[in-house]
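Below: the structure, in structure tokens.
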Amino acid sequence: MTHYSDDELAWHSLKPRGEIVRHLEECVECSARNGKNQRFDAALSVADTWTYPQNLRSDEDQVRGHLREIGSRISNEMAEAEQGLRALISDPPSFLCRDGPWEHEFRTAGAVRVLCDAANGACERDPLHALKLANTAIVIAMSFNPAEHYLGIAVHQLSGLAWKERANALRYLGRFHEALDALDQAKRVYERADANPCDLALLLYTRGIVLYRSAHASEAEQCADEATAIFAAAGDRVRYLHARMLRASVRYWRQDFAGARDDYRALLARAKEEGDDLLGARLSSAVANCDLDLGDAKAAEPTLLDALRVFQREGMETEVARVRWALARVPLVDGHFAIAISHLRASRLECERLGMSNAAAYISLDLAEALVATGTNLHEVQEISRELLATFKAAGMVNEALTALAYLREATRARTITSAKVRHVRQFLTRLEDQPTLRFDPQQS
């Protein structure tokens with residue numbers, strides 16, 4: 001059994017993690033060390049612990065006392081900010097319209113940490129709100145004077161964290177050039193704070209994701225490799241696995257589905273050893289998508305069901321919807337088109353309900369493929385083509401996307417449509433998201 005380090009257990013006491021809680025229930029060794037750490041922390045809060053004869057006090061004692069005071073102050077500031085900003089953070093329109101709260105009582109280091117945490121949590125469900133939260137954190141953090149603030153030069157680390165969360169939000173919005181600029185700024189600020197290697201490795205990891213999403217595969221691999229080496233040296237097993245997962249995702253993007261599947265499977269075994277159920281679910285989903293792309297629907301289904309159970313338990317609605325979409329593709333890949341049509345309709349409704357319009361559009365293309373395969377309802381395929389053309393045009397998609405959809409609509413109208421043509425359009429649109437300079441070639445279908 002793999003054990004957690006004292007540093008990981010200490011961070012867990014500040015911000016509990018579900019996988020560590022479950023591990024502590026099973027592991028006697030880690031549970032004993034965690035109890036010892038908690039007793040030590042409790043002793044630090046007792047006044048007698050800090051009462052020594054004056055002649056026994058050392059510079060080291062004074063440093064520890066100062067660090068304890070800083071930790072207590074940030075903790076109090078975070079508690080105040082969480083209470084005062086909770087309503088605004090959970091209400092994006094109100095937050096967007098307000099400019100005042102951070103001008104006075106919430107212009108604190110604790111407020112910066114709270115806003116950064118909120119931005120990180122909002123990236124997937126509402127990246128525009130996440131961007132606003134991160135930008136507000138930057139404004140506050142940049143207002144601190146290192147010469148006067150109780151954190152000293154460590155205020156630069158707060159600024160670096162805020163810039164990193166801005167980059168994350170921009171990544172989810174697909175604004176990759178701006179995301180890279182934000183990461184450059186984060187690195188400059190971190191270096192002024194003499195940041196530790198893991199902070200810089202996180203920037204490398206995030207940069208790798210942005211480069212991967214913007215079709216710079218070789219550069220993304222380099223970032224992933226450098227981050228992996230730093231996390232390995234620091235003993236950060238969880239982040240090490242995430243960096244390795246990025247490497248596998250680049251392989252998947254290159255359409256090396258078999259190679260990516262092998263990598264994901266190896267990482268899945270490691271995640272299970274670590275007891276990290278959430279990372280395991282993400283990797284299970286990745287393995288299954290490789291299986292589907294390789295035409296192995298039977299292998300994909302049980303892996304997807306494993307991922308679904310974890311995402312449902314964690315209440316991650318968007319991830320649940322994505323896994324159900326993949327499950328709806330299982331009968332499509334397996335040639336059971338009538339079942340696929342029923343499941344894809346339900347999946348599309350679920351994504352529409354959750355506001356996942358982009359996913360709903362791609363599900364419509366899967367549905368069109370299934371309908372064409374049955375050859376019984378080309379009128380609905382025509383309707384799907386028209387709706388998608390209007391949706392992509394309203395979203396400001398590039399001309400090549402509209403060209404591909406117009407090709408699909410005309411092929412349906414001329415009754416020359418085939419499942420292969422629908423798949424070709426779908427694959428092209430998927431790659432176009434990451435490679436906006438691609439050109440649509442109808443001959444490849």
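In the structure tokens, the first chain shown is A, the next is B, and so on; residue numbers restart at 1 for each chain, and ligands run from 1 in the order shown.
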List as a PDB file with N, CA and C atoms, in the first residue's frame the protein and nucleic acid residues near A:Ala286, meaning an atom at most 12 Å away when only C-alpha atoms are counted, but skip any in the same chain fewer than 6 places from it.
ATOM      1  N   MET A 245      -0.721  12.100 -17.346  1.00  0.00           N
ATOM      2  CA  MET A 245      -1.983  12.004 -18.081  1.00  0.00           C
ATOM      3  C   MET A 245      -2.001  12.999 -19.244  1.00  0.00           C
ATOM      4  N   LEU A 246      -1.427  14.181 -19.017  1.00  0.00           N
ATOM      5  CA  LEU A 246      -1.329  15.167 -20.099  1.00  0.00           C
ATOM      6  C   LEU A 246      -0.509  14.604 -21.253  1.00  0.00           C
ATOM      7  N   ALA A 248      -0.202  11.505 -22.107  1.00  0.00           N
ATOM      8  CA  ALA A 248      -1.035  10.525 -22.799  1.00  0.00           C
ATOM      9  C   ALA A 248      -2.093  11.215 -23.660  1.00  0.00           C
ATOM     10  N   SER A 249      -2.615  12.356 -23.185  1.00  0.00           N
ATOM     11  CA  SER A 249      -3.634  13.088 -23.942  1.00  0.00           C
ATOM     12  C   SER A 249      -3.069  13.638 -25.244  1.00  0.00           C
ATOM     13  N   ARG A 251      -0.786  12.184 -26.941  1.00  0.00           N
ATOM     14  CA  ARG A 251      -0.726  10.993 -27.795  1.00  0.00           C
ATOM     15  C   ARG A 251      -2.101  10.701 -28.406  1.00  0.00           C
ATOM     16  N   TYR A 252      -3.135  10.881 -27.600  1.00  0.00           N
ATOM     17  CA  TYR A 252      -4.508  10.686 -28.105  1.00  0.00           C
ATOM     18  C   TYR A 252      -4.820  11.712 -29.188  1.00  0.00           C
ATOM     19  N   TRP A 253      -4.421  12.974 -28.958  1.00  0.00           N
ATOM     20  CA  TRP A 253      -4.677  14.027 -29.947  1.00  0.00           C
ATOM     21  C   TRP A 253      -4.026  13.680 -31.271  1.00  0.00           C
ATOM     22  N   PHE A 257      -4.476   6.114 -30.806  1.00  0.00           N
ATOM     23  CA  PHE A 257      -5.448   5.679 -29.807  1.00  0.00           C
ATOM     24  C   PHE A 257      -4.963   4.471 -29.019  1.00  0.00           C
ATOM     25  N   ALA A 258      -4.309   3.535 -29.682  1.00  0.00           N
ATOM     26  CA  ALA A 258      -3.819   2.341 -28.984  1.00  0.00           C
ATOM     27  C   ALA A 258      -2.717   2.715 -27.994  1.00  0.00           C
ATOM     28  N   ALA A 260      -2.187   5.715 -26.623  1.00  0.00           N
ATOM     29  CA  ALA A 260      -2.772   6.514 -25.551  1.00  0.00           C
ATOM     30  C   ALA A 260      -3.510   5.619 -24.561  1.00  0.00           C
ATOM     31  N   ARG A 261      -4.214   4.607 -25.080  1.00  0.00           N
ATOM     32  CA  ARG A 261      -4.936   3.684 -24.193  1.00  0.00           C
ATOM     33  C   ARG A 261      -3.978   2.949 -23.261  1.00  0.00           C
ATOM     34  N   ASP A 262      -2.844   2.517 -23.786  1.00  0.00           N
ATOM     35  CA  ASP A 262      -1.848   1.829 -22.951  1.00  0.00           C
ATOM     36  C   ASP A 262      -1.362   2.754 -21.835  1.00  0.00           C
ATOM     37  N   ASP A 263      -1.098   4.020 -22.190  1.00  0.00           N
ATOM     38  CA  ASP A 263      -0.630   4.990 -21.187  1.00  0.00           C
ATOM     39  C   ASP A 263      -1.697   5.232 -20.127  1.00  0.00           C
ATOM     40  N   TYR A 264      -2.941   5.444 -20.579  1.00  0.00           N
ATOM     41  CA  TYR A 264      -4.030   5.695 -19.637  1.00  0.00           C
ATOM     42  C   TYR A 264      -4.227   4.501 -18.695  1.00  0.00           C
ATOM     43  N   ARG A 265      -4.132   3.290 -19.227  1.00  0.00           N
ATOM     44  CA  ARG A 265      -4.319   2.101 -18.400  1.00  0.00           C
ATOM     45  C   ARG A 265      -3.238   1.997 -17.324  1.00  0.00           C
ATOM     46  N   ALA A 266      -1.995   2.282 -17.697  1.00  0.00           N
ATOM     47  CA  ALA A 266      -0.899   2.240 -16.720  1.00  0.00           C
ATOM     48  C   ALA A 266      -1.127   3.276 -15.615  1.00  0.00           C
ATOM     49  N   LEU A 267      -1.582   4.464 -16.002  1.00  0.00           N
ATOM     50  CA  LEU A 267      -1.851   5.511 -15.020  1.00  0.00           C
ATOM     51  C   LEU A 267      -3.057   5.165 -14.161  1.00  0.00           C
ATOM     52  N   LEU A 268      -4.042   4.490 -14.750  1.00  0.00           N
ATOM     53  CA  LEU A 268      -5.226   4.080 -13.997  1.00  0.00           C
ATOM     54  C   LEU A 268      -4.844   3.118 -12.874  1.00  0.00           C
ATOM     55  N   LEU A 279      -9.419  10.871  -9.912  1.00  0.00           N
ATOM     56  CA  LEU A 279      -8.479  10.758 -11.014  1.00  0.00           C
ATOM     57  C   LEU A 279      -8.689   9.424 -11.729  1.00  0.00           C
ATOM     58  N   GLY A 280      -8.968   8.376 -10.961  1.00  0.00           N
ATOM     59  CA  GLY A 280      -9.239   7.073 -11.562  1.00  0.00           C
ATOM     60  C   GLY A 280     -10.438   7.121 -12.497  1.00  0.00           C
ATOM     61  N   LEU A 292     -13.561   3.230 -27.738  1.00  0.00           N
ATOM     62  CA  LEU A 292     -14.612   3.558 -28.713  1.00  0.00           C
ATOM     63  C   LEU A 292     -14.001   3.983 -30.041  1.00  0.00           C
ATOM     64  N   ASP A 293     -12.944   4.783 -29.986  1.00  0.00           N
ATOM     65  CA  ASP A 293     -12.297   5.207 -31.224  1.00  0.00           C
ATOM     66  C   ASP A 293     -11.632   4.050 -31.951  1.00  0.00           C
ATOM     67  N   ALA A 300     -15.292  -0.789 -23.722  1.00  0.00           N
ATOM     68  CA  ALA A 300     -15.539   0.567 -23.223  1.00  0.00           C
ATOM     69  C   ALA A 300     -16.629   0.611 -22.158  1.00  0.00           C
ATOM     70  N   THR A 303     -15.849   0.085 -18.260  1.00  0.00           N
ATOM     71  CA  THR A 303     -14.960   1.152 -17.786  1.00  0.00           C
ATOM     72  C   THR A 303     -15.733   2.449 -17.602  1.00  0.00           C
ATOM     73  N   LEU A 304     -16.638   2.738 -18.529  1.00  0.00           N
ATOM     74  CA  LEU A 304     -17.472   3.939 -18.410  1.00  0.00           C
ATOM     75  C   LEU A 304     -18.398   3.854 -17.207  1.00  0.00           C
ATOM     76  N   ASP A 306     -17.804   2.321 -14.427  1.00  0.00           N
ATOM     77  CA  ASP A 306     -16.967   2.584 -13.249  1.00  0.00           C
ATOM     78  C   ASP A 306     -16.813   4.096 -13.037  1.00  0.00           C
ATOM     79  N   ALA A 307     -16.523   4.807 -14.129  1.00  0.00           N
ATOM     80  CA  ALA A 307     -16.355   6.262 -14.036  1.00  0.00           C
ATOM     81  C   ALA A 307     -17.665   6.930 -13.637  1.00  0.00           C
ATOM     82  N   GLU A 319     -19.615  15.981 -15.737  1.00  0.00           N
ATOM     83  CA  GLU A 319     -18.861  14.763 -16.023  1.00  0.00           C
ATOM     84  C   GLU A 319     -19.797  13.573 -16.190  1.00  0.00           C
ATOM     85  N   ARG A 322     -21.162  13.743 -19.668  1.00  0.00           N
ATOM     86  CA  ARG A 322     -20.190  13.327 -20.687  1.00  0.00           C
ATOM     87  C   ARG A 322     -20.045  11.798 -20.730  1.00  0.00           C
ATOM     88  N   VAL A 323     -20.051  11.183 -19.554  1.00  0.00           N
ATOM     89  CA  VAL A 323     -19.938   9.719 -19.528  1.00  0.00           C
ATOM     90  C   VAL A 323     -21.194   9.076 -20.116  1.00  0.00           C
ATOM     91  N   ALA A 326     -20.853   9.127 -23.762  1.00  0.00           N
ATOM     92  CA  ALA A 326     -19.981   8.044 -24.225  1.00  0.00           C
ATOM     93  C   ALA A 326     -20.699   6.699 -24.182  1.00  0.00           C
TER      94      ALA A 326
END
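Excluding stretch 110-116 of chain A itself and same-chain residues fewer than 3 positions from it, the residues having an atom within 7 Å of it are Ile74, Ser75, Glu77, Met78, Ala81, Glu82, Phe106, Arg107, Ala119, Asn120, Leu133, Ala134, Ala137, Ile140, Ala141, Ala162 and Glu165 of chain A, counting only C-alpha atoms.
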>> Among stretch 142-202 of chain A, which residues does DSSP mark as alpha helix (DSSP H) when it is run on the backbone? Keep the chain and numbering as in the structure and answer as a ChimeraX atom specification.
In response: /A:142,155-172,176-192,197-202
Could you save those same residues with C-alpha atoms as an mmCIF file, in the first residue's frame?
data_model
loop_
_atom_site.group_PDB
_atom_site.id
_atom_site.type_symbol
_atom_site.label_atom_id
_atom_site.label_comp_id
_atom_site.auth_asym_id
_atom_site.auth_seq_id
_atom_site.Cartn_x
_atom_site.Cartn_y
_atom_site.Cartn_z
ATOM 1 C CA MET A 142 -1.261 43.659 -7.171
ATOM 2 C CA VAL A 155 2.620 38.769 -1.742
ATOM 3 C CA HIS A 156 4.117 38.062 -5.169
ATOM 4 C CA GLN A 157 3.166 34.416 -4.699
ATOM 5 C CA LEU A 158 -0.463 35.474 -4.238
ATOM 6 C CA SER A 159 -0.260 37.466 -7.480
ATOM 7 C CA GLY A 160 1.248 34.469 -9.261
ATOM 8 C CA LEU A 161 -1.594 32.255 -8.056
ATOM 9 C CA ALA A 162 -4.179 34.773 -9.300
ATOM 10 C CA TRP A 163 -2.514 35.020 -12.731
ATOM 11 C CA LYS A 164 -2.436 31.226 -12.942
ATOM 12 C CA GLU A 165 -6.198 31.047 -12.295
ATOM 13 C CA ARG A 166 -6.755 33.700 -14.968
ATOM 14 C CA ALA A 167 -4.855 31.437 -17.377
ATOM 15 C CA ASN A 168 -7.031 28.484 -16.376
ATOM 16 C CA ALA A 169 -10.235 30.410 -17.066
ATOM 17 C CA LEU A 170 -8.933 31.646 -20.420
ATOM 18 C CA ARG A 171 -7.993 28.072 -21.332
ATOM 19 C CA TYR A 172 -11.577 26.910 -20.764
ATOM 20 C CA PHE A 176 -5.186 30.299 -25.741
ATOM 21 C CA HIS A 177 -2.877 33.210 -26.626
ATOM 22 C CA GLU A 178 -4.196 35.226 -23.685
ATOM 23 C CA ALA A 179 -3.807 32.176 -21.442
ATOM 24 C CA LEU A 180 -0.139 31.845 -22.393
ATOM 25 C CA ASP A 181 0.373 35.562 -21.697
ATOM 26 C CA ALA A 182 -1.190 35.117 -18.246
ATOM 27 C CA LEU A 183 1.118 32.174 -17.547
ATOM 28 C CA ASP A 184 4.142 34.270 -18.560
ATOM 29 C CA GLN A 185 3.034 36.947 -16.120
ATOM 30 C CA ALA A 186 2.495 34.349 -13.379
ATOM 31 C CA LYS A 187 6.027 33.016 -13.896
ATOM 32 C CA ARG A 188 7.565 36.499 -13.683
ATOM 33 C CA VAL A 189 5.683 37.248 -10.469
ATOM 34 C CA TYR A 190 6.466 33.852 -8.913
ATOM 35 C CA GLU A 191 10.170 34.355 -9.573
ATOM 36 C CA ARG A 192 10.071 37.644 -7.650
ATOM 37 C CA PRO A 197 9.729 24.316 -7.747
ATOM 38 C CA CYS A 198 6.237 22.821 -7.430
ATOM 39 C CA ASP A 199 4.590 26.211 -8.045
ATOM 40 C CA LEU A 200 6.629 26.597 -11.220
ATOM 41 C CA ALA A 201 5.867 22.991 -12.206
ATOM 42 C CA LEU A 202 2.145 23.754 -11.933
#
>> Could you check the closest approach to A:Asp291 for each of A:Asp256, A:Glu314, A:Asp277, A:Glu29 and tell me which residue wins, using only C-alpha atoms?
In response: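 Comparing A:Asp256, A:Glu314, A:Asp277, A:Glu29 against A:Asp291, the winner is A:Asp256.
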>> Let me make sure I understand: among A:Ile20, A:Val210, A:Ala217, A:Met356, which one has the smallest atom-to-atom distance to A:Glu124 if we use only C-alpha atoms?
In response: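 Ranked by minimum distance to A:Glu124, first place goes to A:Met356.
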Tell me, as a tab-separated table (two decimals) with C-alpha atoms, in the first residue's frame, which residues lie within 12 Å of A:Ala406, counting only C-alpha atoms; anything in the same chain fewer than 6 positions away does not count.
chain	number	residue	atom	x	y	z
A	382	GLN	CA	-31.79	17.46	-42.66
A	384	ILE	CA	-30.22	18.48	-37.55
A	385	SER	CA	-27.97	19.85	-40.29
A	386	ARG	CA	-29.97	23.10	-40.47
A	387	GLU	CA	-29.99	23.51	-36.68
A	388	LEU	CA	-26.26	22.88	-36.39
A	389	LEU	CA	-25.48	25.32	-39.17
A	390	ALA	CA	-27.50	28.02	-37.41
A	392	PHE	CA	-22.36	27.27	-35.22
A	393	LYS	CA	-22.97	30.45	-37.22
A	399	ASN	CA	-15.85	29.58	-42.11
A	400	GLU	CA	-14.40	26.07	-42.40
A	412	THR	CA	-28.51	15.01	-46.93
A	413	ARG	CA	-30.63	17.05	-49.32
A	422	VAL	CA	-21.19	12.26	-41.00
A	425	VAL	CA	-17.59	16.04	-40.54
A	440	PHE	CA	-12.22	20.98	-44.84
A	442	PRO	CA	-14.91	16.59	-48.60
> Can you list, as a ChimeraX atom specification, every protein, DNA or RNA residue that comes within 8 Å of A:Ala338 when you count only C-alpha atoms, leaving out same-chain residues fewer than 2 positions away?
Replying inline: /A:336,340-342,370,374
Residues from last step as file, N, CA and C atoms, as a CSV table (one decimal), in the first residue's frame:
chain,number,residue,atom,x,y,z
A,336,HIS,N,-25.7,-1.2,-33.1
A,336,HIS,CA,-27.1,-1.3,-32.6
A,336,HIS,C,-27.7,0.1,-32.7
A,340,ALA,N,-29.0,3.1,-30.0
A,340,ALA,CA,-28.1,4.3,-30.0
A,340,ALA,C,-28.9,5.6,-30.2
A,341,ILE,N,-29.9,5.5,-31.1
A,341,ILE,CA,-30.7,6.7,-31.3
A,341,ILE,C,-31.5,7.1,-30.1
A,342,SER,N,-32.1,6.1,-29.4
A,342,SER,CA,-32.8,6.4,-28.1
A,342,SER,C,-31.9,7.0,-27.1
A,370,ALA,N,-26.3,7.8,-36.6
A,370,ALA,CA,-27.1,6.6,-36.3
A,370,ALA,C,-28.4,6.6,-37.2
A,374,THR,N,-29.5,3.8,-40.2
A,374,THR,CA,-30.8,3.1,-40.3
A,374,THR,C,-31.5,3.4,-41.7
>> Please list as number ranges by chain every residue within 10 Å of A:Ser347, counting only C-alpha atoms and excluding residues in the same chain fewer than 4 positions away.
In response: A: 321-329, 341-343, 351-353, 359-360, 363-364
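From atom CA of A:Arg423 back to atom CA of A:Leu332, the distance works out to 11.6 Å.
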